[in-house]
Structures are given as C-alpha cells and as structure tokens.
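Asks: start-v3.pdb is the file, holding PDB, C-alpha atoms:
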```pdb
ATOM      1  CA  MET C   1       0.000   0.000   0.000  1.00  0.00           C
ATOM      2  CA  SER C   2       1.561   3.301  -1.063  1.00  0.00           C
ATOM      3  CA  THR C   3       1.912   6.182   1.358  1.00  0.00           C
ATOM      4  CA  PRO C   4       0.301   9.549   0.576  1.00  0.00           C
ATOM      5  CA  ILE C   5       2.736  12.359   1.279  1.00  0.00           C
ATOM      6  CA  ARG C   6       2.890  16.138   1.151  1.00  0.00           C
ATOM      7  CA  ARG C   7       5.469  18.473  -0.346  1.00  0.00           C
ATOM      8  CA  ASP C   8       7.725  18.669   2.700  1.00  0.00           C
ATOM      9  CA  GLU C   9       7.979  14.893   2.861  1.00  0.00           C
ATOM     10  CA  VAL C  10       8.766  14.757  -0.863  1.00  0.00           C
ATOM     11  CA  GLN C  11      11.675  17.103  -0.245  1.00  0.00           C
ATOM     12  CA  ARG C  12      12.876  15.050   2.708  1.00  0.00           C
ATOM     13  CA  LEU C  13      12.769  11.773   0.804  1.00  0.00           C
ATOM     14  CA  ILE C  14      14.757  13.288  -2.055  1.00  0.00           C
ATOM     15  CA  ARG C  15      17.295  14.868   0.268  1.00  0.00           C
ATOM     16  CA  ASP C  16      17.745  12.114   2.850  1.00  0.00           C
ATOM     17  CA  GLU C  17      16.834   8.868   1.114  1.00  0.00           C
ATOM     18  CA  GLY C  18      17.597   9.390  -2.546  1.00  0.00           C
ATOM     19  CA  GLY C  19      13.928   9.500  -3.477  1.00  0.00           C
ATOM     20  CA  GLN C  20      13.201   9.003  -7.168  1.00  0.00           C
ATOM     21  CA  LEU C  21      10.509  11.210  -8.693  1.00  0.00           C
ATOM     22  CA  VAL C  22       8.283   9.805 -11.419  1.00  0.00           C
ATOM     23  CA  GLU C  23       5.792  12.012 -13.237  1.00  0.00           C
ATOM     24  CA  VAL C  24       3.046   9.828 -14.703  1.00  0.00           C
ATOM     25  CA  LEU C  25       1.344  12.568 -16.706  1.00  0.00           C
ATOM     26  CA  PRO C  26       1.470  12.595 -20.537  1.00  0.00           C
ATOM     27  CA  PRO C  27       4.823  13.672 -22.093  1.00  0.00           C
ATOM     28  CA  PRO C  28       3.676  17.122 -23.316  1.00  0.00           C
ATOM     29  CA  MET C  29       2.812  18.075 -19.734  1.00  0.00           C
ATOM     30  CA  PHE C  30       6.140  16.746 -18.503  1.00  0.00           C
ATOM     31  CA  GLU C  31       8.085  18.565 -21.194  1.00  0.00           C
ATOM     32  CA  ASP C  32       6.303  21.791 -20.386  1.00  0.00           C
ATOM     33  CA  GLU C  33       7.397  21.768 -16.764  1.00  0.00           C
ATOM     34  CA  HIS C  34       8.212  19.163 -14.154  1.00  0.00           C
ATOM     35  CA  ILE C  35       9.828  18.838 -10.762  1.00  0.00           C
ATOM     36  CA  GLU C  36      13.596  19.075 -10.975  1.00  0.00           C
ATOM     37  CA  GLY C  37      15.124  15.627 -11.317  1.00  0.00           C
ATOM     38  CA  ALA C  38      11.880  13.838 -12.171  1.00  0.00           C
ATOM     39  CA  ILE C  39      11.607  11.306 -14.960  1.00  0.00           C
ATOM     40  CA  ASN C  40       8.518  10.767 -17.070  1.00  0.00           C
ATOM     41  CA  ILE C  41       6.790   7.412 -17.308  1.00  0.00           C
ATOM     42  CA  PRO C  42       3.170   7.952 -18.347  1.00  0.00           C
ATOM     43  CA  LEU C  43       0.714   5.861 -16.360  1.00  0.00           C
ATOM     44  CA  LYS C  44      -0.238   3.703 -19.329  1.00  0.00           C
ATOM     45  CA  ASP C  45       3.428   2.905 -19.959  1.00  0.00           C
ATOM     46  CA  LEU C  46       4.336   1.719 -16.452  1.00  0.00           C
ATOM     47  CA  ASN C  47       5.786  -1.749 -16.876  1.00  0.00           C
ATOM     48  CA  GLU C  48       8.875  -3.852 -16.100  1.00  0.00           C
ATOM     49  CA  ARG C  49      10.835  -2.384 -18.989  1.00  0.00           C
ATOM     50  CA  THR C  50      10.079   1.321 -18.431  1.00  0.00           C
ATOM     51  CA  THR C  51      10.758   1.077 -14.700  1.00  0.00           C
ATOM     52  CA  SER C  52      13.968  -0.919 -15.072  1.00  0.00           C
ATOM     53  CA  GLY C  53      16.039   2.202 -14.447  1.00  0.00           C
ATOM     54  CA  LEU C  54      14.498   2.766 -11.035  1.00  0.00           C
ATOM     55  CA  ASP C  55      16.235   1.477  -7.921  1.00  0.00           C
ATOM     56  CA  LYS C  56      13.830  -0.718  -5.945  1.00  0.00           C
ATOM     57  CA  ASP C  57      15.815  -0.142  -2.755  1.00  0.00           C
ATOM     58  CA  ARG C  58      15.134   3.604  -2.778  1.00  0.00           C
ATOM     59  CA  PRO C  59      11.815   5.421  -2.400  1.00  0.00           C
ATOM     60  CA  VAL C  60       9.814   6.084  -5.535  1.00  0.00           C
ATOM     61  CA  ILE C  61       7.566   9.145  -5.441  1.00  0.00           C
ATOM     62  CA  VAL C  62       4.853   9.341  -8.057  1.00  0.00           C
ATOM     63  CA  TYR C  63       2.818  12.373  -9.028  1.00  0.00           C
TER      64      TYR C  63
ATOM     65  CA  MET O   1      -3.871   9.267 -11.529  1.00  0.00           C
ATOM     66  CA  SER O   2      -0.992   8.981  -9.053  1.00  0.00           C
ATOM     67  CA  PRO O   3      -2.752   6.456  -6.735  1.00  0.00           C
ATOM     68  CA  ARG O   4      -3.160   4.153  -9.732  1.00  0.00           C
ATOM     69  CA  ALA O   5       0.475   4.652 -10.673  1.00  0.00           C
ATOM     70  CA  ALA O   6       1.541   3.864  -7.118  1.00  0.00           C
ATOM     71  CA  ALA O   7      -0.544   0.692  -7.122  1.00  0.00           C
ATOM     72  CA  ARG O   8       0.918  -0.299 -10.466  1.00  0.00           C
ATOM     73  CA  LEU O   9       4.480   0.160  -9.192  1.00  0.00           C
ATOM     74  CA  GLU O  10       3.704  -2.058  -6.238  1.00  0.00           C
ATOM     75  CA  THR O  11       2.548  -4.811  -8.546  1.00  0.00           C
ATOM     76  CA  LEU O  12       5.936  -4.453 -10.277  1.00  0.00           C
ATOM     77  CA  GLY O  13       7.766  -5.191  -7.035  1.00  0.00           C
ATOM     78  CA  PHE O  14       8.462  -1.718  -5.673  1.00  0.00           C
ATOM     79  CA  THR O  15       7.967  -1.607  -1.912  1.00  0.00           C
ATOM     80  CA  LYS O  16       8.856   1.998  -1.072  1.00  0.00           C
ATOM     81  CA  VAL O  17       6.197   3.803  -3.074  1.00  0.00           C
ATOM     82  CA  TYR O  18       4.939   7.251  -2.133  1.00  0.00           C
ATOM     83  CA  ASP O  19       2.080   9.180  -3.675  1.00  0.00           C
ATOM     84  CA  TYR O  20       2.590  12.950  -3.841  1.00  0.00           C
ATOM     85  CA  GLU O  21      -1.114  13.598  -3.652  1.00  0.00           C
ATOM     86  CA  ALA O  22      -1.143  17.331  -4.265  1.00  0.00           C
ATOM     87  CA  GLY O  23       1.118  16.773  -7.263  1.00  0.00           C
ATOM     88  CA  LYS O  24       2.752  19.096  -9.700  1.00  0.00           C
ATOM     89  CA  SER O  25       0.457  22.078  -9.244  1.00  0.00           C
ATOM     90  CA  ASP O  26       1.304  22.097  -5.556  1.00  0.00           C
ATOM     91  CA  TRP O  27       5.028  22.034  -6.310  1.00  0.00           C
ATOM     92  CA  LEU O  28       4.717  24.739  -8.952  1.00  0.00           C
ATOM     93  CA  ALA O  29       2.925  26.943  -6.460  1.00  0.00           C
ATOM     94  CA  SER O  30       6.092  26.968  -4.384  1.00  0.00           C
ATOM     95  CA  PRO O  31       9.455  28.511  -5.263  1.00  0.00           C
ATOM     96  CA  LEU O  32      11.026  25.044  -5.514  1.00  0.00           C
ATOM     97  CA  PRO O  33      13.083  24.133  -8.606  1.00  0.00           C
ATOM     98  CA  THR O  34      11.519  22.870 -11.817  1.00  0.00           C
ATOM     99  CA  GLU O  35      12.723  21.954 -15.283  1.00  0.00           C
ATOM    100  CA  GLY O  36      11.175  22.109 -18.758  1.00  0.00           C
ATOM    101  CA  ARG O  37      10.156  24.643 -21.381  1.00  0.00           C
ATOM    102  CA  ALA O  38       8.038  26.721 -19.043  1.00  0.00           C
ATOM    103  CA  ALA O  39      10.376  26.497 -16.067  1.00  0.00           C
ATOM    104  CA  GLY O  40      11.246  29.881 -14.680  1.00  0.00           C
ATOM    105  CA  LYS O  41       8.622  31.723 -16.707  1.00  0.00           C
ATOM    106  CA  PRO O  42       6.401  33.862 -14.521  1.00  0.00           C
ATOM    107  CA  ASP O  43       2.986  32.410 -13.865  1.00  0.00           C
ATOM    108  CA  ALA O  44       0.037  33.273 -11.664  1.00  0.00           C
ATOM    109  CA  ALA O  45       1.912  32.119  -8.573  1.00  0.00           C
ATOM    110  CA  ALA O  46       4.674  34.608  -9.277  1.00  0.00           C
ATOM    111  CA  MET O  47       2.189  37.482  -9.450  1.00  0.00           C
ATOM    112  CA  VAL O  48       0.197  36.754  -6.329  1.00  0.00           C
ATOM    113  CA  ARG O  49      -0.286  39.472  -3.793  1.00  0.00           C
ATOM    114  CA  GLY O  50      -0.395  37.631  -0.520  1.00  0.00           C
ATOM    115  CA  ASP O  51      -2.146  40.338   1.437  1.00  0.00           C
ATOM    116  CA  ASP O  52      -5.699  39.034   1.326  1.00  0.00           C
ATOM    117  CA  ILE O  53      -7.890  39.410   4.367  1.00  0.00           C
ATOM    118  CA  ALA O  54      -9.407  36.063   5.299  1.00  0.00           C
ATOM    119  CA  CYS O  55     -12.454  35.495   7.465  1.00  0.00           C
ATOM    120  CA  HIS O  56     -14.468  32.536   8.693  1.00  0.00           C
ATOM    121  CA  LEU O  57     -18.096  31.479   8.527  1.00  0.00           C
ATOM    122  CA  GLY O  58     -18.935  32.135  12.163  1.00  0.00           C
ATOM    123  CA  GLU O  59     -17.482  35.630  12.402  1.00  0.00           C
ATOM    124  CA  ARG O  60     -19.638  38.735  12.772  1.00  0.00           C
ATOM    125  CA  LEU O  61     -19.742  40.960   9.714  1.00  0.00           C
ATOM    126  CA  GLY O  62     -18.946  44.045  11.786  1.00  0.00           C
ATOM    127  CA  ASP O  63     -15.706  42.548  13.074  1.00  0.00           C
ATOM    128  CA  VAL O  64     -14.695  41.448   9.601  1.00  0.00           C
ATOM    129  CA  ALA O  65     -15.519  44.828   8.062  1.00  0.00           C
ATOM    130  CA  LYS O  66     -13.336  46.601  10.615  1.00  0.00           C
ATOM    131  CA  ARG O  67     -10.437  44.309   9.829  1.00  0.00           C
ATOM    132  CA  VAL O  68     -10.867  44.731   6.103  1.00  0.00           C
ATOM    133  CA  ARG O  69     -11.119  48.527   6.257  1.00  0.00           C
ATOM    134  CA  ALA O  70      -8.154  48.774   8.621  1.00  0.00           C
ATOM    135  CA  ALA O  71      -6.080  46.989   6.001  1.00  0.00           C
ATOM    136  CA  GLY O  72      -7.257  49.395   3.316  1.00  0.00           C
ATOM    137  CA  LYS O  73      -9.116  46.635   1.496  1.00  0.00           C
ATOM    138  CA  ASP O  74     -12.686  46.143   0.345  1.00  0.00           C
ATOM    139  CA  VAL O  75     -12.909  42.386   0.209  1.00  0.00           C
ATOM    140  CA  CYS O  76     -12.674  39.482   2.579  1.00  0.00           C
ATOM    141  CA  ILE O  77     -12.062  35.923   1.430  1.00  0.00           C
ATOM    142  CA  VAL O  78     -14.079  33.385   3.380  1.00  0.00           C
ATOM    143  CA  VAL O  79     -12.067  30.260   4.144  1.00  0.00           C
ATOM    144  CA  ASP O  80     -12.476  27.193   6.318  1.00  0.00           C
ATOM    145  CA  GLU O  81     -10.037  25.947   8.932  1.00  0.00           C
ATOM    146  CA  ARG O  82      -7.874  24.391   6.198  1.00  0.00           C
ATOM    147  CA  HIS O  83      -7.811  27.713   4.323  1.00  0.00           C
ATOM    148  CA  ILE O  84     -10.007  26.343   1.546  1.00  0.00           C
ATOM    149  CA  VAL O  85     -11.935  29.098  -0.199  1.00  0.00           C
ATOM    150  CA  LEU O  86     -15.669  29.057   0.477  1.00  0.00           C
ATOM    151  CA  GLY O  87     -16.787  32.482  -0.624  1.00  0.00           C
ATOM    152  CA  ARG O  88     -16.196  36.202  -0.591  1.00  0.00           C
ATOM    153  CA  ILE O  89     -17.663  39.391   0.883  1.00  0.00           C
ATOM    154  CA  ARG O  90     -16.843  42.663  -0.759  1.00  0.00           C
ATOM    155  CA  GLY O  91     -17.837  46.252  -1.313  1.00  0.00           C
ATOM    156  CA  ARG O  92     -21.158  47.368   0.094  1.00  0.00           C
ATOM    157  CA  ALA O  93     -21.878  43.909   1.425  1.00  0.00           C
ATOM    158  CA  LEU O  94     -19.351  44.693   4.140  1.00  0.00           C
ATOM    159  CA  ASP O  95     -21.548  47.568   5.312  1.00  0.00           C
ATOM    160  CA  GLY O  96     -24.510  45.343   6.144  1.00  0.00           C
ATOM    161  CA  ASP O  97     -25.831  44.453   9.597  1.00  0.00           C
ATOM    162  CA  PRO O  98     -22.686  44.197  11.731  1.00  0.00           C
ATOM    163  CA  ASN O  99     -24.271  41.427  13.785  1.00  0.00           C
ATOM    164  CA  SER O 100     -24.955  39.182  10.819  1.00  0.00           C
ATOM    165  CA  LEU O 101     -22.733  36.186  10.290  1.00  0.00           C
ATOM    166  CA  VAL O 102     -20.254  35.840   7.463  1.00  0.00           C
ATOM    167  CA  GLU O 103     -21.951  32.676   6.266  1.00  0.00           C
ATOM    168  CA  ASP O 104     -25.239  34.545   5.811  1.00  0.00           C
ATOM    169  CA  VAL O 105     -23.871  37.347   3.668  1.00  0.00           C
ATOM    170  CA  MET O 106     -21.022  35.854   1.673  1.00  0.00           C
ATOM    171  CA  ARG O 107     -21.197  35.153  -2.036  1.00  0.00           C
ATOM    172  CA  LEU O 108     -20.453  31.516  -2.688  1.00  0.00           C
ATOM    173  CA  GLY O 109     -17.818  30.057  -4.961  1.00  0.00           C
ATOM    174  CA  PRO O 110     -15.741  32.913  -6.337  1.00  0.00           C
ATOM    175  CA  SER O 111     -13.905  32.004  -9.517  1.00  0.00           C
ATOM    176  CA  THR O 112     -10.325  30.885  -9.098  1.00  0.00           C
ATOM    177  CA  ILE O 113      -7.304  29.971 -11.177  1.00  0.00           C
ATOM    178  CA  ARG O 114      -4.411  27.622 -10.531  1.00  0.00           C
ATOM    179  CA  PRO O 115      -0.963  28.920  -9.579  1.00  0.00           C
ATOM    180  CA  ASP O 116       0.699  27.472 -12.678  1.00  0.00           C
ATOM    181  CA  THR O 117      -1.583  29.355 -15.071  1.00  0.00           C
ATOM    182  CA  ASP O 118       0.555  31.246 -17.581  1.00  0.00           C
ATOM    183  CA  LEU O 119       0.271  35.014 -17.585  1.00  0.00           C
ATOM    184  CA  GLY O 120      -1.292  35.231 -21.040  1.00  0.00           C
ATOM    185  CA  THR O 121      -4.121  33.011 -19.894  1.00  0.00           C
ATOM    186  CA  VAL O 122      -4.493  35.035 -16.709  1.00  0.00           C
ATOM    187  CA  VAL O 123      -4.921  38.254 -18.684  1.00  0.00           C
ATOM    188  CA  LYS O 124      -7.432  36.668 -21.061  1.00  0.00           C
ATOM    189  CA  THR O 125      -9.418  35.202 -18.188  1.00  0.00           C
ATOM    190  CA  LEU O 126      -9.611  38.512 -16.366  1.00  0.00           C
ATOM    191  CA  ARG O 127     -10.431  40.541 -19.452  1.00  0.00           C
ATOM    192  CA  ASP O 128     -13.059  38.063 -20.629  1.00  0.00           C
ATOM    193  CA  GLY O 129     -14.628  38.154 -17.201  1.00  0.00           C
ATOM    194  CA  ASN O 130     -14.341  41.936 -17.029  1.00  0.00           C
ATOM    195  CA  VAL O 131     -12.783  41.704 -13.598  1.00  0.00           C
ATOM    196  CA  ALA O 132      -9.711  43.340 -12.099  1.00  0.00           C
ATOM    197  CA  SER O 133      -8.531  40.386 -10.070  1.00  0.00           C
ATOM    198  CA  THR O 134      -9.043  36.718  -9.332  1.00  0.00           C
ATOM    199  CA  LEU O 135      -8.169  34.320  -6.578  1.00  0.00           C
ATOM    200  CA  VAL O 136      -5.398  31.774  -6.921  1.00  0.00           C
ATOM    201  CA  THR O 137      -5.943  28.447  -5.206  1.00  0.00           C
ATOM    202  CA  ASN O 138      -4.114  25.165  -5.244  1.00  0.00           C
ATOM    203  CA  GLN O 139      -5.574  21.870  -6.362  1.00  0.00           C
ATOM    204  CA  GLU O 140      -7.300  21.370  -3.036  1.00  0.00           C
ATOM    205  CA  GLY O 141      -8.868  24.814  -3.181  1.00  0.00           C
ATOM    206  CA  ARG O 142      -6.589  26.374  -0.572  1.00  0.00           C
ATOM    207  CA  LEU O 143      -6.126  30.106  -0.903  1.00  0.00           C
ATOM    208  CA  ILE O 144      -2.715  31.185  -2.182  1.00  0.00           C
ATOM    209  CA  GLY O 145      -3.553  34.803  -2.893  1.00  0.00           C
ATOM    210  CA  THR O 146      -4.957  37.198  -5.469  1.00  0.00           C
ATOM    211  CA  VAL O 147      -3.611  38.213  -8.862  1.00  0.00           C
ATOM    212  CA  TYR O 148      -4.489  41.609 -10.289  1.00  0.00           C
ATOM    213  CA  LEU O 149      -4.888  42.409 -13.961  1.00  0.00           C
ATOM    214  CA  GLU O 150      -2.839  45.589 -13.642  1.00  0.00           C
ATOM    215  CA  ASP O 151       0.102  43.645 -12.186  1.00  0.00           C
ATOM    216  CA  VAL O 152       0.031  41.011 -14.895  1.00  0.00           C
ATOM    217  CA  GLU O 153      -0.337  43.538 -17.715  1.00  0.00           C
ATOM    218  CA  ARG O 154       2.634  45.473 -16.342  1.00  0.00           C
ATOM    219  CA  LYS O 155       4.712  42.317 -16.142  1.00  0.00           C
ATOM    220  CA  LEU O 156       3.884  41.306 -19.705  1.00  0.00           C
ATOM    221  CA  ALA O 157       4.714  44.812 -20.952  1.00  0.00           C
ATOM    222  CA  GLU O 158       8.105  44.594 -19.232  1.00  0.00           C
ATOM    223  CA  GLN O 159       8.771  41.263 -20.907  1.00  0.00           C
ATOM    224  CA  ASP O 160       7.970  42.740 -24.318  1.00  0.00           C
ATOM    225  CA  GLN O 161      10.533  45.525 -23.901  1.00  0.00           C
TER     226      GLN O 161
END
```
Kindly present the structure from the file in structure tokens form.
Replies:
Amino acid sequence: MSTPIRRDEVQRLIRDEGGQLVEVLPPPMFEDEHIEGAINIPLKDLNERTTSGLDKDRPVIVY
Amino acid sequence: MSPRAAARLETLGFTKVYDYEAGKSDWLASPLPTEGRAAGKPDAAAMVRGDDIACHLGERLGDVAKRVRAAGKDVCIVVDERHIVLGRIRGRALDGDPNSLVEDVMRLGPSTIRPDTDLGTVVKTLRDGNVASTLVTNQEGRLIGTVYLEDVERKLAEQDQ
C-alpha cells in the first residue's frame, strides 16, 4: 500500500533517502514543466521495462 | 492518476512507493526548482499578492468589516479551517448588519485559477470576465492569494521591452 505524502515529505525523501521522482502525466505536460530531477513514465506505460532504471531499494515518489 | 500509478508500481515489485497527492500544481505553487520549457517563466503564482484578508463562517460581519477597512481593502475571502476558499464578501456587502454572520452574507464560490496558469491566460481570463482580479488556489482549493490584472499587464509589458 503506497503512502500519501505532502510536499515537505517529498523534499525530505529526495534529500535524505535518494527519493526518485516519477511524473506519470502525458509527455507534453512533462516537457512543459516538471519537478527538478523527475523522470517521465506515463501511467499507461508503467511496466517492467520502463521502470527498469528505477532502484527498488530507494523510495519512488509518483505524481 | 498517481494512486493508480503507485498501485501499479507495487505490482511491479516496488515496496517503497509514495504518492505525492497534491502533485505538480502544488510544487509549482512553491518557489522550488523545476525543469522544462516553461520552467522559470512567470505564472500566476509569481504574481500573487499575498495580502488578502481572510475570514471565517462564524465571524460577525462588523468585526470582519473593521479588519478589512483597517487593512485598506474592500474584500474578505471566506475560508475554512484548512484555508479552503468558500466564498467572498466585498464592497457594500461589508456595510450590512454588523451582527450578521459571514456565512449569511457571503457570495459563494468565487472564480479561481491555478498557480501554474501562464500570464497570457491570466490576462485573457480577467479581461473576458471583465474583472480586475481573481483568486489563486491550489488543487485542493486552498487560498494562495490574489492576482491583479494591472500587475500582470505590467509584467507582460516589461517582458515585451
């Protein structure tokens, strides 16, 4: 079960635990503007292959 | 969308999954760093005047009016305990029965825009609505502040020079 978090916790996870940000919105929205350091994997494309670059030992933050 | 993405990641074997519920619009409303084509361009959030007078449903109109006038304003934004916008009282409505309650005199549901709205859209929205200002709220409806047409027009004119 994922954990809902707020902005301050997002910052803490990035700073202290190497949190990985994943924007799941469509590419045009990501290209327009996204959180610094985020990668884009649209919701419909989330699969083993597209997430292979993510480290399963570190937090993953989706938005 | 993000709860579904989080659930999907868990099915793929990720165990440390967090859902940033308020999402990108919440982040963009802050001065935190972003990347992309529109990064760094001024938006509604950058033009907010954060000097709104807020009031609550159970307050007496007379008390609110005094506070508003003392601040040199003519509008009070009605918010709940989470600062979510419920309504607005302005102009002559502030001069009504001082013993009446805010909830009885406020106008419900003022129009709002999101903090990441680009300035061109802000100007069009205000001009189309023939209004001088509009509230800026985040995705949850929390009050961030007010943007004024004159401020945005001045900013756009500066950019054109």
Asks: Considering only C-alpha atoms, tabulate each residue of chain C that lies at most 6 Å from chain O along with its nearest interatomic pair and the corresponding distance in Å to one decimal; arrange the rows by chain and ascending residue number and present them as a Markdown table.
Replies:
```
| residue | atom | partner | partner_atom | distance |
| --- | --- | --- | --- | --- |
| C:Ser2 | CA | O:Val17 | CA | 5.1 |
| C:Thr3 | CA | O:Tyr18 | CA | 4.7 |
| C:Pro4 | CA | O:Asp19 | CA | 4.6 |
| C:Ile5 | CA | O:Tyr20 | CA | 5.2 |
| C:Arg6 | CA | O:Tyr20 | CA | 5.9 |
| C:Glu31 | CA | O:Gly36 | CA | 5.3 |
| C:Asp32 | CA | O:Arg37 | CA | 4.9 |
| C:Glu33 | CA | O:Gly36 | CA | 4.3 |
| C:His34 | CA | O:Glu35 | CA | 5.4 |
| C:Ile35 | CA | O:Thr34 | CA | 4.5 |
| C:Glu36 | CA | O:Thr34 | CA | 4.4 |
| C:Leu43 | CA | O:Ala5 | CA | 5.8 |
| C:Lys56 | CA | O:Phe14 | CA | 5.5 |
| C:Pro59 | CA | O:Lys16 | CA | 4.7 |
| C:Val60 | CA | O:Val17 | CA | 4.9 |
| C:Ile61 | CA | O:Tyr18 | CA | 4.6 |
| C:Val62 | CA | O:Asp19 | CA | 5.2 |
| C:Tyr63 | CA | O:Gly23 | CA | 5.0 |
```
Asks: Determine, counting all atoms listed in the file, which protein, DNA and RNA residues have an atom within 10 Å of an atom of range 13-17 of chain C; residues of the same chain fewer than 2 positions away are not included. Present the result as a VMD selection string.
Replies: (chain C and resid 7 to 11 19 to 21 37 57 to 61) or (chain O and resid 18)
Asks: Check which residues satisfy the PyMOL selection byres ((chain O and resi 137-147) around 9) in the file shown, then give them as a PyMOL selection string.
Replies: chain O and resi 22-23+25-26+29+44-45+47-52+77+79+82-86+112-115+122+132-136+148-152
Asks: Between CA of Leu57 in chain O and CA of Leu94 in chain O, what is the spacing in Å?
Replies: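 Straight-line distance from CA of Leu94 in chain O to CA of Leu57 in chain O works out to 14.0 Å.
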Asks: Emit as AutoDock Vina command-line options the padded axis-aligned box for all listed atoms of range 32-51 of chain C, 6 Å per side, with centre and edge lengths in Å to one decimal.
Replies:
```
--center_x 7.4 --center_y 9.0 --center_z -15.6 --size_x 27.4 --size_y 37.6 --size_z 21.6
```
Asks: Rounded to one decimal place, report the CA of Pro110 in chain O-CA of Asp63 in chain O distance in Å.
Replies: 21.7 Å
Asks: Can you measure CA of Lys124 in chain O to CA of Pro42 in chain O for me? One decimal in Å is fine.
Replies: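 So the answer is 15.6 Å.
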Asks: Mind checking which residues fall within 10 Å of Pro42 in chain C, counting all atoms listed in the file, ignoring those fewer than 4 positions away in the same chain, and posting them as a PyMOL selection string?
Replies: (chain C and resi 22-27+30+46+50) or (chain O and resi 1+5)
